[in-house]
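Asker: Got a structure here, written out as structure tokens. Questions coming.
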4 protein chains.
Amino acid sequence: MDEKKKRLYEIIEVSQGKDVASLSYDKLMLVTVLVGLVPLTMKKTNVYAEAIDILTAIIFLFDYAMRFYTADYKMGIKCYKAYVAHFFTPMSIIDLMAIVPVFTLFFPGSNAIGLFRIFKVFRVLKLLRYSKTMVIIENVMRKVKQQLMAVLVLTVMYITASAMFIFQIEPNLFNNFFDALYWATISITTIGYGDISPVTIPGRLLTMVSALVGVAVIALPSGIITAAYMDETKKTKSKFQK
Amino acid sequence: MDEKKKRLYEIIEVSQGKDVASLSYDKLMLVTVLVGLVPLTMKKTNVYAEAIDILTAIIFLFDYAMRFYTADYKMGIKCYKAYVAHFFTPMSIIDLMAIVPVFTLFFPGSNAIGLFRIFKVFRVLKLLRYSKTMVIIENVMRKVKQQLMAVLVLTVMYITASAMFIFQIEPNLFNNFFDALYWATISITTIGYGDISPVTIPGRLLTMVSALVGVAVIALPSGIITAAYMDETKKTKSKFQK
Amino acid sequence: MDEKKKRLYEIIEVSQGKDVASLSYDKLMLVTVLVGLVPLTMKKTNVYAEAIDILTAIIFLFDYAMRFYTADYKMGIKCYKAYVAHFFTPMSIIDLMAIVPVFTLFFPGSNAIGLFRIFKVFRVLKLLRYSKTMVIIENVMRKVKQQLMAVLVLTVMYITASAMFIFQIEPNLFNNFFDALYWATISITTIGYGDISPVTIPGRLLTMVSALVGVAVIALPSGIITAAYMDETKKTKSKFQK
Amino acid sequence: MDEKKKRLYEIIEVSQGKDVASLSYDKLMLVTVLVGLVPLTMKKTNVYAEAIDILTAIIFLFDYAMRFYTADYKMGIKCYKAYVAHFFTPMSIIDLMAIVPVFTLFFPGSNAIGLFRIFKVFRVLKLLRYSKTMVIIENVMRKVKQQLMAVLVLTVMYITASAMFIFQIEPNLFNNFFDALYWATISITTIGYGDISPVTIPGRLLTMVSALVGVAVIALPSGIITAAYMDETKKTKSKFQK
């Protein structure tokens, strides 16, 4: 029994070598996820989209069942707790979100069924580990995760402060405070659609100051990622030189 | 008496360890500042906003009084000079600006009461020191402060020169020179709202040259921050390796 | 015979020293390519444009013939296989694409004859090797090619996911999914024309999140290129110091 | 005689120490240049602007005369050749351009008198050498000048190729090829005003590809400047450590 479970687990996990069954399963899941996203690119749902939604949901359901079944082997605990713990892992929740919405198909007036399915991409992202370059980028991103989060917090604070200033200085530009936040985000990231732009002198003056200071704020992630990237490439090199 | 003052000072300052009273005070101030900013997100003032303005002003007033009272302990000088010096510290001025505008509530026709209150955020920013990553970012920013100021001076000079050129070459685009400065700032920072954009050939030609040279100008802060960031992470590492 | 072929090959290839004939040929090809691009800058074709198209095509045809003739010397194989292999090299295909479209001139209703001719620029780019700085940049770009491709794949995935989200959340903004992809690309690269911009609260919220995360995605190429550039300049230095 | 000339030269050059006369002259020239730029910020010329134009021109004329007179001392050649050589130095030409246009004041219908005067800023920029940080930035910029020029050449080539493609694919968007060049420059630098943006599917597709590749092109100056900046700060440090 345990041998069978181990084999099943090996197949559904990302293949590590030349395991044909595991590689095939990886490919099947990749295709299923990609096909499952096709209805998201259609403006109006139709019979084909619904067929894809149901079909992919069935495959995802089997996948979910097998992952649930092998949870105790994966966790290394022979106990019902393994199943509970597995149920609440982020990846398991993403898997469930890719299945459940399909049931809304049987009720009228529902839409955007597969929206949560996009997160399923995270499982597919694991397949990128076949590429050595992708592993380096993954390592860099993993290393700077905490620092990028800190920069994000600072950026959001800066955006909020900018939004508060402009909202008081040039209130006629915005319907509500959320619009001011939207304007500040689009400005600080230098996208600048131009759908909202200041017209009064104080508003424009504030925008200029905010933009010039914002250049330093937005340069932080670039600095962090560059530093981490140089560190990672140095490491990879010295590994090969040993 | 001195022991009491010392204790009071410890409480109102950012907590260094597991001092429950100090930690609670930090949290109280954080909540008060955040709540005090809420009226800034409202388009029209109302009873609730005024209530918040008055309530937070009262808390800020007590905070200001305590900081003023412990000024001599903080400065380490037993003299009236400590109070005078404290009164003119930037943080103390920011604290005062968060209190005074509330009195305008009692006169009609005033608005934007809490605008200066946004600067109060600087005191809350100190709470970020709980995070090790934030300390690194703070160190980096402190180190490059002077260099970023120098780049800012150069950028403002470049913006002014660009604005002068376009203002002479395509004067019909702008109501006044300030508009040309606004256009140049929005262009050099690559925001580009599009509310003002050149239409004649010489104006567009100048915009193109200005944009291409501007890429190098705007790359300077990025280079400075990256260099400082790499230096800082190297230092932190070697500190842990010793 | 072989000596003649060798000499011909030396002339048509980028000159390595002070070979006057080879240098002249380089200059002739540079001028021909540049002149051949002139019709692409005209809105309506005219007699002069057609004359240029035909004349440059004739020169390109001679160039193509000579390169084909010297293919066996270049490859170092005395066999018909050399000619076949040469025919399918990317540079040879680009050369052919710069010649063939000219025949459409003899049929009415055709336009954009020289569009493929732009790729001919790649052959001219080789002339940039005269500059030492260009060689450094070329080395950097060659070294990071694989990594930039990986980042491009990630960026396209991120753009597609953003497009799917916005297409479901704010469908009235777009005629079809391609428009959503276009919007996402223009937003993530921070160009932000503003021809398409979100108007509903969920759409704007998604745009804000997408823009803030996008800052980190778009900082990756900058980090990769900077790391490679520092590595390259270090190498060049240590080479001179030896 | 020579002693007088030497003294005069010391005064008009940027002061090196605590030479009061030289420092005063620096300040006088700074103020004159800044005041001389004021008319450029006015939409319509008036009596005050003309008065400033004439007054500053007179001061610039004296400055020019003194620099011409001390040219032989500066060059270290006792010969008329020194004056000729001095006349054609870039700084001397800039000085002349700041004086000559004022004579157009005496003829009606002229405008933009002081436009060339902006370049006079280059002489004022020398005053920035008082700041140590500015010297570092100047060194960095001087070191990367050649490399940034190479990148500029590549960028202009990339912009031209993009413009040619879009001009053939979506010709109705542009009045002439210059507009296509303008569009490409504004897009690659990620300004994106939105005054010109593609509407057809091929045009948008090309814009997307061009934007994604352009991210790597525009990351080059950032990489070059960062590398040079890190090198410069390392040097400055090791200098102080010796």
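As shown in the structure tokens, the chain order sets the letters A, B, ...; within each chain, residues go from 1, and ligands are also counted from 1 in the order they appear.
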Skip range 50-58 of chain A itself and residues of its chain fewer than 4 positions away, then list as a PyMOL selection string all residues within 9 Å of it, counting only C-alpha atoms.

Answerer: chain A and resi 32-33+35-39+45-46+62-63+98-100+102-103+105+113-114

Asker: Should the cut-off be 9 Å, what would the residue list for chain B against chain A look like, counting only C-alpha atoms, as a PyMOL selection string?

Answerer: chain B and resi 37+40-43+111-112+115+118-119+121+131+133-134+137+148+152+155-156+178-179+181-182+185-186+189-195+218-219+221-230+233

Asker: Env of Arg7 in chain C: 12 Å cut, atoms = only C-alpha atoms, seq-sep filter 6 positions within chain, self excluded. Answer as a list in words.

Answerer: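 Residues meeting the cut-off are Met1, Glu13, Ser15, Asp19, Ala21, Ser22, Met66, Thr70, Tyr73 and Lys74 of chain C.
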
Asker: As an exercise, work out the distance from CA of Met97 in chain D to CA of Lys6 in chain D in Å and give it to one decimal place.

Answerer: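 Taking CA of Met97 in chain D and CA of Lys6 in chain D, their separation equals 26.1 Å.
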